[in-house]
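What follows is the content of structure.cif, which has mmCIF, C-alpha atoms:
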data_protein
#
loop_
_atom_site.label_atom_id
_atom_site.label_comp_id
_atom_site.auth_asym_id
_atom_site.auth_seq_id
_atom_site.Cartn_x
_atom_site.Cartn_y
_atom_site.Cartn_z
CA MET A 1 20.15 24.20 -30.15
CA SER A 2 17.66 25.33 -32.78
CA ASN A 3 17.99 28.47 -34.86
CA GLU A 4 16.97 31.50 -32.83
CA ARG A 5 14.88 34.40 -34.12
CA ALA A 6 13.98 37.85 -32.85
CA SER A 7 12.01 38.17 -29.64
CA ILE A 8 8.24 38.49 -29.84
CA LYS A 9 5.31 38.70 -27.47
CA ILE A 10 4.28 35.05 -27.13
CA ASN A 11 0.50 34.83 -27.22
CA LYS A 12 -2.13 32.92 -29.16
CA ARG A 13 -1.94 35.22 -32.18
CA THR A 14 1.85 35.04 -32.56
CA VAL A 15 1.95 31.30 -31.86
CA ASP A 16 -0.67 30.63 -34.56
CA ALA A 17 1.25 32.84 -36.96
CA ALA A 18 4.57 30.98 -36.46
CA LEU A 19 4.96 28.82 -39.59
CA PRO A 20 7.26 25.78 -39.89
CA THR A 21 10.43 25.97 -41.97
CA ALA A 22 12.97 23.45 -43.21
CA ALA A 23 14.79 23.64 -39.85
CA ARG A 24 13.66 23.87 -36.25
CA TYR A 25 13.71 27.39 -34.80
CA VAL A 26 12.90 29.17 -31.53
CA LEU A 27 11.04 32.41 -30.87
CA TRP A 28 11.85 34.04 -27.50
CA ASP A 29 9.41 36.08 -25.49
CA VAL A 30 10.13 39.80 -25.28
CA ASP A 31 8.79 40.19 -21.73
CA LEU A 32 9.88 37.02 -19.89
CA LYS A 33 13.52 36.27 -20.53
CA GLY A 34 14.11 32.53 -21.03
CA PHE A 35 10.57 31.71 -22.16
CA GLY A 36 10.37 30.50 -25.77
CA LEU A 37 8.33 28.81 -28.48
CA ARG A 38 9.99 25.99 -30.43
CA VAL A 39 8.67 25.28 -33.94
CA GLU A 40 9.51 21.94 -35.60
CA PRO A 41 9.66 21.37 -39.39
CA SER A 42 6.70 19.05 -38.91
CA GLY A 43 4.62 21.96 -37.62
CA VAL A 44 4.63 20.80 -33.98
CA LYS A 45 4.96 23.75 -31.62
CA SER A 46 6.06 23.46 -27.99
CA PHE A 47 6.99 25.83 -25.20
CA ILE A 48 10.40 25.78 -23.52
CA ALA A 49 12.28 27.52 -20.72
CA ARG A 50 16.02 28.31 -20.74
CA TYR A 51 18.21 29.26 -17.78
CA ARG A 52 21.68 28.93 -16.28
CA PRO A 53 21.69 26.82 -13.07
CA GLY A 54 23.34 27.63 -9.77
CA ALA A 55 24.73 31.15 -9.42
CA GLY A 56 24.15 31.72 -13.12
CA GLY A 57 26.53 33.82 -15.13
CA ARG A 58 27.88 33.29 -18.60
CA THR A 59 30.21 30.52 -17.46
CA ALA A 60 27.32 28.28 -16.35
CA PRO A 61 25.93 25.92 -19.02
CA LYS A 62 22.48 26.63 -20.42
CA ARG A 63 19.70 24.24 -19.38
CA PHE A 64 16.50 23.74 -21.32
CA VAL A 65 13.15 22.47 -19.99
CA SER A 66 10.29 21.41 -22.25
CA LEU A 67 7.05 22.81 -20.83
CA GLY A 68 4.61 21.06 -23.16
CA ARG A 69 3.03 21.18 -26.60
CA TYR A 70 0.86 24.00 -27.87
CA GLY A 71 -2.72 22.79 -27.87
CA ALA A 72 -2.39 20.74 -24.73
CA LEU A 73 -0.94 23.89 -23.16
CA THR A 74 -2.08 27.46 -23.79
CA PRO A 75 0.47 30.31 -24.11
CA ASP A 76 -0.73 31.75 -20.77
CA ASP A 77 -0.38 28.40 -18.97
CA ALA A 78 3.06 27.93 -20.49
CA ARG A 79 4.07 31.40 -19.34
CA ARG A 80 3.05 30.59 -15.76
CA LEU A 81 5.05 27.35 -15.81
CA ALA A 82 8.07 29.16 -17.27
CA ARG A 83 7.87 31.84 -14.60
CA GLU A 84 7.91 29.16 -11.84
CA ILE A 85 10.90 27.36 -13.36
CA LEU A 86 12.87 30.51 -14.06
CA GLY A 87 12.10 31.77 -10.55
CA ALA A 88 13.37 28.52 -9.03
CA ALA A 89 16.55 28.80 -11.11
CA ALA A 90 17.07 32.38 -9.93
CA ASN A 91 16.97 31.05 -6.35
CA GLY A 92 19.82 28.62 -7.03
CA GLN A 93 17.78 25.54 -7.90
CA ASP A 94 18.14 23.36 -10.99
CA PRO A 95 14.59 22.58 -12.21
CA ALA A 96 15.80 20.55 -15.20
CA ASP A 97 17.73 18.24 -12.90
CA ALA A 98 14.67 17.79 -10.68
CA ILE A 99 12.55 16.93 -13.71
CA VAL A 100 15.10 14.38 -14.89
CA LYS A 101 15.05 12.75 -11.45
CA GLU A 102 11.26 12.78 -11.45
CA ARG A 103 11.14 11.06 -14.81
CA ALA A 104 13.65 8.48 -13.61
CA ALA A 105 11.61 7.73 -10.46
CA ALA A 106 10.48 4.14 -10.02
CA SER A 107 7.19 3.10 -11.56
CA VAL A 108 4.61 1.17 -9.55
CA THR A 109 5.70 -2.00 -11.40
CA GLU A 110 9.35 -1.43 -10.46
CA LEU A 111 8.42 -0.76 -6.84
CA ALA A 112 6.23 -3.87 -6.75
CA ASN A 113 8.96 -6.09 -8.22
CA ALA A 114 11.52 -4.83 -5.71
CA PHE A 115 9.05 -5.19 -2.83
CA VAL A 116 8.28 -8.81 -3.68
CA ALA A 117 11.89 -9.83 -4.38
CA GLU A 118 13.58 -8.02 -1.50
CA HIS A 119 10.95 -8.21 1.19
CA VAL A 120 7.99 -10.55 0.63
CA LYS A 121 9.92 -13.58 -0.63
CA LYS A 122 12.55 -13.21 2.07
CA LYS A 123 10.28 -12.66 5.06
CA ARG A 124 6.89 -14.19 4.32
CA LYS A 125 5.61 -17.76 4.08
CA SER A 126 4.77 -19.34 0.73
CA LYS A 127 1.00 -18.90 1.08
CA THR A 128 1.42 -15.22 1.91
CA ILE A 129 3.77 -14.76 -1.04
CA GLU A 130 1.14 -16.21 -3.36
CA SER A 131 -1.48 -13.87 -1.91
CA TYR A 132 0.71 -10.77 -2.32
CA GLU A 133 1.70 -11.68 -5.87
CA HIS A 134 -1.91 -12.30 -6.86
CA VAL A 135 -3.08 -8.88 -5.61
CA ILE A 136 -0.14 -7.10 -7.23
CA ASN A 137 -0.33 -8.86 -10.60
CA ALA A 138 -4.13 -8.99 -10.87
CA TYR A 139 -4.99 -5.50 -9.64
CA LEU A 140 -2.20 -3.04 -8.78
CA VAL A 141 0.07 -3.48 -11.80
CA PRO A 142 -2.70 -3.60 -14.45
CA ALA A 143 -4.21 -0.40 -13.02
CA PHE A 144 -1.09 1.61 -12.14
CA GLY A 145 1.96 -0.27 -13.44
CA THR A 146 3.40 2.51 -15.61
CA ARG A 147 2.59 5.32 -13.19
CA LYS A 148 5.31 6.89 -11.06
CA ALA A 149 5.14 5.32 -7.64
CA ASN A 150 5.92 8.61 -5.91
CA ALA A 151 3.00 10.39 -7.57
CA LEU A 152 0.14 7.91 -7.28
CA PRO A 153 -2.83 9.83 -5.80
CA ARG A 154 -4.79 8.32 -2.95
CA ALA A 155 -7.97 9.13 -4.90
CA ASP A 156 -6.95 6.77 -7.74
CA LEU A 157 -6.24 3.89 -5.39
CA SER A 158 -9.48 4.61 -3.55
CA ARG A 159 -11.41 4.43 -6.84
CA LEU A 160 -9.92 1.01 -7.59
CA HIS A 161 -10.92 -0.08 -4.08
CA GLY A 162 -14.43 1.15 -4.85
CA LYS A 163 -14.65 -0.82 -8.10
CA LEU A 164 -14.14 -4.00 -6.06
CA SER A 165 -16.99 -3.24 -3.64
CA ASP A 166 -18.75 -6.46 -4.67
CA LYS A 167 -15.65 -8.33 -3.45
CA PRO A 168 -14.99 -6.67 -0.07
CA ALA A 169 -12.36 -9.15 1.08
CA ILE A 170 -10.32 -8.70 -2.11
CA ALA A 171 -10.80 -4.92 -2.04
CA ASN A 172 -9.53 -4.74 1.53
CA ARG A 173 -6.63 -7.06 0.73
CA LEU A 174 -5.69 -4.72 -2.13
CA VAL A 175 -5.43 -1.77 0.26
CA ALA A 176 -3.45 -3.81 2.81
CA VAL A 177 -0.91 -5.02 0.24
CA ALA A 178 -0.57 -1.54 -1.30
CA SER A 179 -0.05 -0.02 2.14
CA SER A 180 2.66 -2.53 2.98
CA MET A 181 4.33 -2.00 -0.41
CA PHE A 182 4.45 1.80 -0.17
CA SER A 183 5.55 1.67 3.46
CA TRP A 184 8.47 -0.53 2.42
CA GLY A 185 9.16 1.73 -0.57
CA SER A 186 9.26 4.74 1.74
CA GLN A 187 11.87 3.05 3.94
CA HIS A 188 14.04 2.13 0.95
CA GLY A 189 13.98 5.35 -1.06
CA TYR A 190 11.55 4.38 -3.81
CA VAL A 191 9.06 7.04 -2.66
CA PRO A 192 9.41 10.01 -0.29
CA GLU A 193 9.47 9.19 3.40
CA GLY A 194 5.95 8.86 4.78
CA PHE A 195 4.33 8.76 1.33
CA ASN A 196 1.58 6.12 1.29
CA PRO A 197 -1.51 6.57 -0.93
CA ALA A 198 -3.17 3.56 0.75
CA ALA A 199 -3.28 5.33 4.11
CA ARG A 200 -6.69 6.40 5.43
CA ILE A 201 -8.68 4.48 2.80
CA GLU A 202 -11.66 3.17 4.72
CA LYS A 203 -12.04 -0.59 4.33
CA TYR A 204 -15.29 -2.42 3.74
CA LYS A 205 -16.95 -4.35 6.51
CA GLU A 206 -16.41 -8.04 5.85
CA ILE A 207 -18.97 -10.61 6.89
CA GLN A 208 -16.94 -13.43 8.37
CA ARG A 209 -17.95 -16.73 6.83
CA GLU A 210 -18.82 -19.43 9.33
CA ARG A 211 -19.79 -22.96 8.35
CA PHE A 212 -19.86 -25.81 10.85
CA LEU A 213 -20.93 -29.35 10.12
CA SER A 214 -23.90 -30.66 12.06
CA THR A 215 -23.96 -34.14 13.60
CA ASP A 216 -26.10 -35.36 10.70
CA GLU A 217 -23.65 -33.92 8.16
CA LEU A 218 -20.73 -35.54 9.96
CA GLU A 219 -22.49 -38.90 9.78
CA ARG A 220 -23.01 -38.52 6.03
CA MET A 221 -19.40 -37.44 5.61
CA GLY A 222 -18.20 -40.52 7.50
CA GLU A 223 -20.31 -42.80 5.30
CA ALA A 224 -18.90 -41.15 2.15
CA LEU A 225 -15.32 -41.56 3.38
CA ARG A 226 -15.84 -45.25 4.18
CA GLU A 227 -17.40 -45.79 0.77
CA ALA A 228 -14.58 -43.88 -0.96
CA GLU A 229 -11.79 -46.04 0.46
CA THR A 230 -13.59 -49.38 0.11
CA ILE A 231 -15.84 -49.76 -2.93
CA GLY A 232 -15.30 -46.29 -4.35
CA LEU A 233 -17.60 -43.35 -5.02
CA PRO A 234 -20.05 -43.47 -7.95
CA TRP A 235 -19.63 -41.00 -10.79
CA GLU A 236 -21.81 -39.86 -13.67
CA PRO A 237 -20.59 -39.37 -17.27
CA ASP A 238 -20.79 -35.92 -18.84
CA GLN A 239 -23.72 -36.27 -21.21
CA SER A 240 -22.60 -33.22 -23.20
CA LYS A 241 -19.56 -35.14 -24.46
CA ALA A 242 -19.62 -37.57 -27.36
CA LYS A 243 -17.89 -40.32 -25.37
CA ALA A 244 -20.65 -40.37 -22.75
CA LYS A 245 -22.52 -43.16 -24.53
CA HIS A 246 -19.44 -45.40 -24.21
CA ALA A 247 -19.19 -44.92 -20.44
CA PRO A 248 -19.18 -48.07 -18.25
CA LYS A 249 -22.42 -49.37 -16.73
CA ALA A 250 -23.59 -47.68 -13.54
CA GLU A 251 -22.43 -50.57 -11.31
CA ASN A 252 -18.92 -50.20 -12.74
CA ARG A 253 -18.74 -46.40 -12.48
CA ARG A 254 -16.93 -46.07 -9.17
CA VAL A 255 -13.61 -44.47 -8.26
CA LYS A 256 -11.63 -45.25 -5.12
CA ILE A 257 -9.82 -42.65 -3.07
CA SER A 258 -6.51 -43.67 -1.54
CA GLY A 259 -6.28 -44.45 2.15
CA GLU A 260 -3.75 -41.64 2.66
CA VAL A 261 -6.14 -39.04 1.20
CA VAL A 262 -9.05 -40.28 3.32
CA ALA A 263 -6.73 -40.21 6.34
CA ALA A 264 -5.78 -36.61 5.55
CA ILE A 265 -9.43 -35.52 5.49
CA ARG A 266 -10.14 -37.29 8.75
CA LEU A 267 -7.05 -35.74 10.37
CA LEU A 268 -8.15 -32.25 9.35
CA LEU A 269 -11.38 -32.78 11.26
CA LEU A 270 -9.97 -34.64 14.26
CA THR A 271 -7.02 -32.30 14.91
CA GLY A 272 -8.35 -28.95 13.69
CA ALA A 273 -5.05 -28.53 11.82
CA ARG A 274 -4.67 -26.33 8.76
CA LEU A 275 -4.49 -28.00 5.34
CA ARG A 276 -0.76 -27.43 4.77
CA GLU A 277 0.05 -28.60 8.30
CA ILE A 278 -1.31 -32.03 7.36
CA LEU A 279 -0.22 -32.21 3.72
CA HIS A 280 3.35 -31.09 4.53
CA LEU A 281 3.59 -33.23 7.65
CA ARG A 282 6.80 -35.27 7.76
CA TRP A 283 7.24 -38.47 9.73
CA THR A 284 10.11 -36.81 11.58
CA TYR A 285 7.56 -34.39 13.07
CA VAL A 286 5.43 -37.23 14.47
CA ASP A 287 5.96 -38.31 18.09
CA LEU A 288 3.74 -41.38 18.44
CA GLU A 289 4.96 -42.18 21.94
CA ARG A 290 3.71 -38.88 23.36
CA GLY A 291 0.92 -38.44 20.79
CA LEU A 292 2.19 -35.17 19.36
CA LEU A 293 2.86 -33.50 16.02
CA LEU A 294 5.86 -31.21 16.49
CA LEU A 295 5.70 -28.72 13.63
CA PRO A 296 8.87 -26.61 13.24
CA GLU A 297 6.91 -24.03 11.26
CA SER A 298 3.27 -23.06 10.80
CA LYS A 299 1.28 -19.92 10.09
CA THR A 300 1.98 -18.76 13.64
CA GLY A 301 5.49 -20.21 14.01
CA ARG A 302 6.49 -23.37 15.87
CA LYS A 303 3.46 -25.40 16.83
CA THR A 304 2.57 -28.56 18.73
CA ILE A 305 -0.59 -30.45 17.78
CA ILE A 306 -1.97 -32.88 20.33
CA LEU A 307 -3.18 -36.13 18.80
CA ASN A 308 -6.37 -37.47 20.32
CA ALA A 309 -6.88 -41.23 20.33
CA PRO A 310 -8.76 -41.44 16.99
CA ALA A 311 -6.18 -39.24 15.22
CA LEU A 312 -3.30 -41.23 16.70
CA LEU A 313 -4.93 -44.46 15.49
CA ILE A 314 -5.17 -43.08 11.94
CA ILE A 315 -1.50 -42.10 11.79
CA GLU A 316 -0.37 -45.41 13.28
CA GLY A 317 -2.26 -47.21 10.50
CA LEU A 318 -0.43 -45.43 7.65
CA ASN A 319 2.52 -46.96 5.80
CA ARG A 320 5.83 -45.10 5.80
CA THR A 321 6.46 -45.11 2.05
CA SER A 322 7.64 -41.50 1.90
CA PRO A 323 9.24 -38.82 4.09
CA PHE A 324 5.75 -37.30 4.14
CA VAL A 325 2.81 -38.73 6.05
CA ILE A 326 0.52 -37.87 3.09
CA PRO A 327 2.75 -38.41 0.02
CA GLY A 328 2.07 -36.97 -3.42
CA ASP A 329 2.45 -38.73 -6.77
CA ASP A 330 6.19 -38.28 -6.30
CA PRO A 331 6.98 -39.93 -2.92
CA GLU A 332 9.70 -37.33 -2.33
CA LYS A 333 7.15 -34.51 -2.47
CA PRO A 334 4.04 -33.79 -0.40
CA ARG A 335 0.58 -33.88 -1.91
CA SER A 336 -0.28 -30.42 -3.25
CA ASP A 337 -4.01 -30.30 -2.46
CA LEU A 338 -7.19 -32.28 -1.79
CA LYS A 339 -9.56 -30.36 -4.07
CA ARG A 340 -10.77 -33.17 -6.32
CA PRO A 341 -11.19 -35.90 -3.67
CA TRP A 342 -12.89 -33.48 -1.28
CA ALA A 343 -15.26 -32.33 -4.04
CA ALA A 344 -16.23 -35.97 -4.64
CA VAL A 345 -16.67 -36.76 -0.93
CA SER A 346 -18.65 -33.60 -0.13
CA ALA A 347 -20.89 -34.14 -3.17
CA ARG A 348 -21.58 -37.75 -2.14
CA ALA A 349 -22.32 -36.65 1.43
CA GLY A 350 -24.59 -33.85 0.22
CA LEU A 351 -22.53 -31.14 1.94
CA THR A 352 -23.37 -27.75 0.47
CA GLY A 353 -20.85 -24.92 0.62
CA VAL A 354 -18.38 -26.79 2.82
CA ARG A 355 -14.68 -26.07 2.36
CA LEU A 356 -11.86 -28.17 3.76
CA HIS A 357 -11.04 -25.30 6.12
CA ASP A 358 -14.54 -25.65 7.57
CA LEU A 359 -13.41 -28.95 9.10
CA ARG A 360 -11.11 -26.88 11.32
CA HIS A 361 -14.04 -24.63 12.26
CA THR A 362 -16.13 -27.73 13.03
CA HIS A 363 -13.40 -29.09 15.32
CA ALA A 364 -13.41 -25.79 17.23
CA SER A 365 -17.20 -25.54 17.31
CA PHE A 366 -17.52 -28.95 19.00
CA GLY A 367 -15.04 -27.85 21.64
CA ALA A 368 -16.84 -24.55 22.24
CA GLY A 369 -20.22 -26.27 22.38
CA SER A 370 -18.87 -28.65 25.03
CA GLY A 371 -17.97 -25.73 27.29
CA MET A 372 -14.20 -26.29 27.12
CA GLY A 373 -13.42 -22.57 27.16
CA LEU A 374 -11.94 -20.39 24.45
CA PRO A 375 -8.37 -20.26 25.86
CA ILE A 376 -8.12 -24.06 25.66
CA ILE A 377 -9.58 -24.15 22.14
CA GLY A 378 -7.17 -21.40 21.07
CA LYS A 379 -4.21 -23.43 22.31
CA LEU A 380 -5.44 -26.58 20.54
CA LEU A 381 -5.81 -24.68 17.26
CA GLY A 382 -2.52 -22.83 17.62
CA HIS A 383 -3.99 -19.33 17.65
CA SER A 384 -1.45 -16.67 18.58
CA GLN A 385 -4.16 -14.12 19.53
CA ALA A 386 -7.23 -14.57 21.68
CA ALA A 387 -9.24 -12.43 19.24
CA THR A 388 -8.90 -15.16 16.61
CA THR A 389 -10.58 -17.71 18.86
CA ALA A 390 -13.29 -15.24 19.90
CA ARG A 391 -15.24 -16.02 16.70
CA TYR A 392 -16.39 -19.22 18.45
CA ALA A 393 -17.61 -17.44 21.57
CA HIS A 394 -21.26 -17.58 20.53
CA LEU A 395 -21.02 -21.38 20.40
CA ASP A 396 -20.01 -21.66 24.03
CA ALA A 397 -23.62 -22.36 24.94
CA ASP A 398 -23.32 -24.03 28.35
CA PRO A 399 -22.76 -20.88 30.48
CA LEU A 400 -25.53 -19.07 28.61
CA ARG A 401 -27.90 -22.03 28.96
CA ARG A 402 -27.26 -22.22 32.69
CA ALA A 403 -27.88 -18.49 33.06
CA SER A 404 -31.02 -18.64 30.91
CA ASN A 405 -32.39 -21.60 32.89
CA LYS A 406 -31.79 -19.79 36.18
CA ILE A 407 -33.54 -16.62 34.98
CA GLY A 408 -36.38 -18.60 33.40
CA GLY A 409 -36.91 -20.64 36.56
CA ALA A 410 -37.08 -17.53 38.72
CA LEU A 411 -39.53 -15.80 36.37
CA SER A 412 -41.71 -18.91 36.12
CA ALA A 413 -41.81 -19.23 39.89
CA ALA A 414 -42.83 -15.58 40.19
CA LEU A 415 -45.66 -16.09 37.71
CA GLU A 416 -46.95 -19.02 39.75
CA GLY A 417 -46.67 -17.13 43.01
CA LYS A 418 -43.99 -19.41 44.35
CA LEU A 419 -41.23 -16.81 44.57
CA LYS A 420 -40.83 -16.00 48.27
CA ALA A 421 -38.13 -13.92 49.81
CA GLU A 422 -36.09 -15.86 52.29
CA VAL A 423 -36.42 -14.17 55.69
CA LEU A 424 -33.48 -14.51 58.01
CA PRO A 425 -33.93 -13.87 61.72
CA ILE A 426 -31.96 -10.99 63.14
CA LYS A 427 -29.90 -12.01 66.06
CA LYS A 428 -30.23 -9.90 69.08
CA ILE A 429 -27.16 -8.07 70.04
CA ARG A 430 -26.38 -8.48 73.65
CA PRO A 431 -25.36 -5.39 75.49
#

Target format structure tokens, applied to this file:
Amino acid sequence: MSNERASIKINKRTVDAALPTAARYVLWDVDLKGFGLRVEPSGVKSFIARYRPGAGGRTAPKRFVSLGRYGALTPDDARRLAREILGAAANGQDPADAIVKERAAASVTELANAFVAEHVKKKRKSKTIESYEHVINAYLVPAFGTRKANALPRADLSRLHGKLSDKPAIANRLVAVASSMFSWGSQHGYVPEGFNPAARIEKYKEIQRERFLSTDELERMGEALREAETIGLPWEPDQSKAKAKHAPKAENRRVKISGEVVAAIRLLLLTGARLREILHLRWTYVDLERGLLLLPESKTGRKTIILNAPALLIIEGLNRTSPFVIPGDDPEKPRSDLKRPWAAVSARAGLTGVRLHDLRHTHASFGAGSGMGLPIIGKLLGHSQAATTARYAHLDADPLRRASNKIGGALSAALEGKLKAEVLPIKKIRP
């Protein structure tokens, strides 16, 4: 330890008067035993506390705790901290050991890495893994990565949630992922049991996006698909680039889209399947005889998709050149996405703000509009919860139209004086 000097009353005057020397030294307080001021040769002054842990006594080793630097900490504040630590030591505790454990506690980054490796990647599907990793790496780690996971205040996480108010879906996803992460950390000793700073953070109301293609839009989409697989879709050169003037003539500026890609787009609409369910579809999952797609895994687990006649005809017309119904550039791998071809088709068809997933919504909307009933539509789409299908309830127009027509007819008849109560004769009761 440093050279020790005579005890003094540690206050602002004596601390300011303590001058550095060639070697570090310590001044001990005359009133509070174990409270000291350490002076470095560099002139840096810091407050310390010294005690013997456990039952104390001269046989116990001395422990030292750094309370903080002078300037950031006043002598009075340091005295209060020293009194708490020395009091805890007198009661048999070891404050220095607790501080060491606190400093060794996992950071938010360490908790996040363990959470993803030991939980998310082992128990979640690939799309969910991507979503979790994006939220963690784009928001949680940049904001709190070096902070101790067991000391992250709810207020700090709530402020980050507030900064994303213009992106309510992302803000709410942030809270959900953080809640799951800290809940897992609590179960596995990374943070105290029950500690979860994401708890009770009120989420934003999200406006659910609904986009269904009209009959006219479907006609334009069909024309664009037929054009894409036959003569190709026209394209325009980028006039901002120097090579634009060397572009082919307009009649030669067309690009074809493969039959498999066009088939995939049509299947998304005709079956209401999710994108990955079609792109990752293997021929071994296809039962042409019974007209079924038997998926061993989907977002909601095992799933059977019923192929209607047009969808069955499309699949029967495809060549089996790969284990996958919609092969990628490498026949042994599925196609990764349909972004570029769909952008070209939707632009040609004049479809504004239409995502590929909206084809699934359109499939469901046609069923709801035909009065098929939400339970049936839910089964066709593979929904595991009725609440998921309920978003299409307002499209189930037939029962409402019948009710409205009945009410309107009665009111109209009343206005025209034609509404008469039907009088039924009362039968005489024989004695």

What residues have an atom no more than 9 Å from (-7.5, -41.2, 2.1) in the file's own frame, counting all atoms listed in the file, and can you write them as a VMD selection string?
chain A and resid 225 228 to 229 257 to 266 326 341

For Ala89 (chain A), the closest of A:Arg340, A:Arg200, A:Arg253, A:Arg50 counting only C-alpha atoms is A:Arg50

Checklist entry - Of the residues A:Val116, A:Ile231, A:Ala72, A:Ile48, which is the one nearest to Leu86 (chain A), using all atoms listed in the file? => result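 Nearest to Leu86 (chain A): A:Ile48.
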
One residue among A:Ala117, A:Val39, A:Ala143, A:Ala344 is nearest to Ala224 (chain A) when using all atoms listed in the file, and that residue is A:Ala344

Using all atoms listed in the file: which of A:Leu140, A:Leu281, A:Leu111, A:Val135 has the shortest distance to Ile170 (chain A):
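Nearest to Ile170 (chain A): A:Val135.
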
Using all atoms listed in the file, what residues lie at most 12 Å away from (-4.1, -8.0, -9.6) (file coordinates), given as a PyMOL selection string? chain A and resi 109+112+130-145+160-161+164+170-171+173-175+177-178

Write out as a list in words which residues come within 8 Å of Leu275 (chain A) when counting all atoms listed in the file, dropping same-chain ones fewer than 6 positions away.
Leu268, Leu356 and His357 of chain A

Hey, can you spit out that residue selection with C-alpha atoms as an mmCIF file, in the frame of the given file?
data_model
loop_
_atom_site.group_PDB
_atom_site.id
_atom_site.type_symbol
_atom_site.label_atom_id
_atom_site.label_comp_id
_atom_site.auth_asym_id
_atom_site.auth_seq_id
_atom_site.Cartn_x
_atom_site.Cartn_y
_atom_site.Cartn_z
ATOM 1 C CA LEU A 268 -8.150 -32.250 9.350
ATOM 2 C CA LEU A 356 -11.860 -28.170 3.760
ATOM 3 C CA HIS A 357 -11.040 -25.300 6.120
#

Report as a ChimeraX atom specification all protein, DNA and RNA residues lying within 10 Å of Leu307 (chain A), evaluated on all atoms listed in the file, omitting residues in the same chain fewer than 2 positions from it.
/A:267,270-271,286-288,290-293,304-305,309-315,380

Might you spell out which residues the PyMOL selection byres ((chain A and resi 233-235) around 7) would select in the displayed file, as a PDB file with C-alpha atoms, in the frame of the given file?
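Okay, selection-v8.pdb is ready:
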ATOM      1  CA  GLU A 227     -17.400 -45.790   0.770  1.00  0.00           C
ATOM      2  CA  ALA A 228     -14.580 -43.880  -0.960  1.00  0.00           C
ATOM      3  CA  ILE A 231     -15.840 -49.760  -2.930  1.00  0.00           C
ATOM      4  CA  GLY A 232     -15.300 -46.290  -4.350  1.00  0.00           C
ATOM      5  CA  GLU A 236     -21.810 -39.860 -13.670  1.00  0.00           C
ATOM      6  CA  PRO A 237     -20.590 -39.370 -17.270  1.00  0.00           C
ATOM      7  CA  ARG A 253     -18.740 -46.400 -12.480  1.00  0.00           C
ATOM      8  CA  ARG A 254     -16.930 -46.070  -9.170  1.00  0.00           C
ATOM      9  CA  VAL A 255     -13.610 -44.470  -8.260  1.00  0.00           C
ATOM     10  CA  LYS A 256     -11.630 -45.250  -5.120  1.00  0.00           C
TER      11      LYS A 256
END

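CA of Val30 (chain A) to CA of Leu67 (chain A) spans 17.8 Å [interatomic distance, one decimal].
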
Written as an mmCIF file with C-alpha atoms, in the frame of the given file, which residues does the PyMOL selection byres ((chain A and resi 211) around 12) give for the file shown?
data_model
loop_
_atom_site.group_PDB
_atom_site.id
_atom_site.type_symbol
_atom_site.label_atom_id
_atom_site.label_comp_id
_atom_site.auth_asym_id
_atom_site.auth_seq_id
_atom_site.Cartn_x
_atom_site.Cartn_y
_atom_site.Cartn_z
ATOM 1 C CA GLN A 208 -16.940 -13.430 8.370
ATOM 2 C CA ARG A 209 -17.950 -16.730 6.830
ATOM 3 C CA GLU A 210 -18.820 -19.430 9.330
ATOM 4 C CA PHE A 212 -19.860 -25.810 10.850
ATOM 5 C CA LEU A 213 -20.930 -29.350 10.120
ATOM 6 C CA SER A 214 -23.900 -30.660 12.060
ATOM 7 C CA GLU A 217 -23.650 -33.920 8.160
ATOM 8 C CA LEU A 351 -22.530 -31.140 1.940
ATOM 9 C CA THR A 352 -23.370 -27.750 0.470
ATOM 10 C CA GLY A 353 -20.850 -24.920 0.620
ATOM 11 C CA VAL A 354 -18.380 -26.790 2.820
ATOM 12 C CA ARG A 355 -14.680 -26.070 2.360
ATOM 13 C CA LEU A 356 -11.860 -28.170 3.760
ATOM 14 C CA HIS A 357 -11.040 -25.300 6.120
ATOM 15 C CA ASP A 358 -14.540 -25.650 7.570
ATOM 16 C CA LEU A 359 -13.410 -28.950 9.100
ATOM 17 C CA ARG A 360 -11.110 -26.880 11.320
ATOM 18 C CA HIS A 361 -14.040 -24.630 12.260
ATOM 19 C CA THR A 362 -16.130 -27.730 13.030
ATOM 20 C CA HIS A 363 -13.400 -29.090 15.320
ATOM 21 C CA ALA A 364 -13.410 -25.790 17.230
ATOM 22 C CA SER A 365 -17.200 -25.540 17.310
ATOM 23 C CA ARG A 391 -15.240 -16.020 16.700
ATOM 24 C CA TYR A 392 -16.390 -19.220 18.450
#

- Item | Point-to-point distance in Å for CA of Ile129 (chain A) and CA of Ser322 (chain A) |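 Going from CA of Ser322 (chain A) over to CA of Ile129 (chain A), I get 27.2 Å.
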
> Mind pulling up the distance from CA of Ala90 (chain A) to CA of Thr74 (chain A)?
Replying inline: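 The value is 24.1 Å.
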
Listed atoms of region 255-264 of chain A boxed along x, y and z, 4 Å each side, centre and edge lengths in Å, one decimal, as JSON:
{"center_x": -8.7, "center_y": -40.9, "center_z": -1.0, "size_x": 17.9, "size_y": 16.6, "size_z": 22.6}
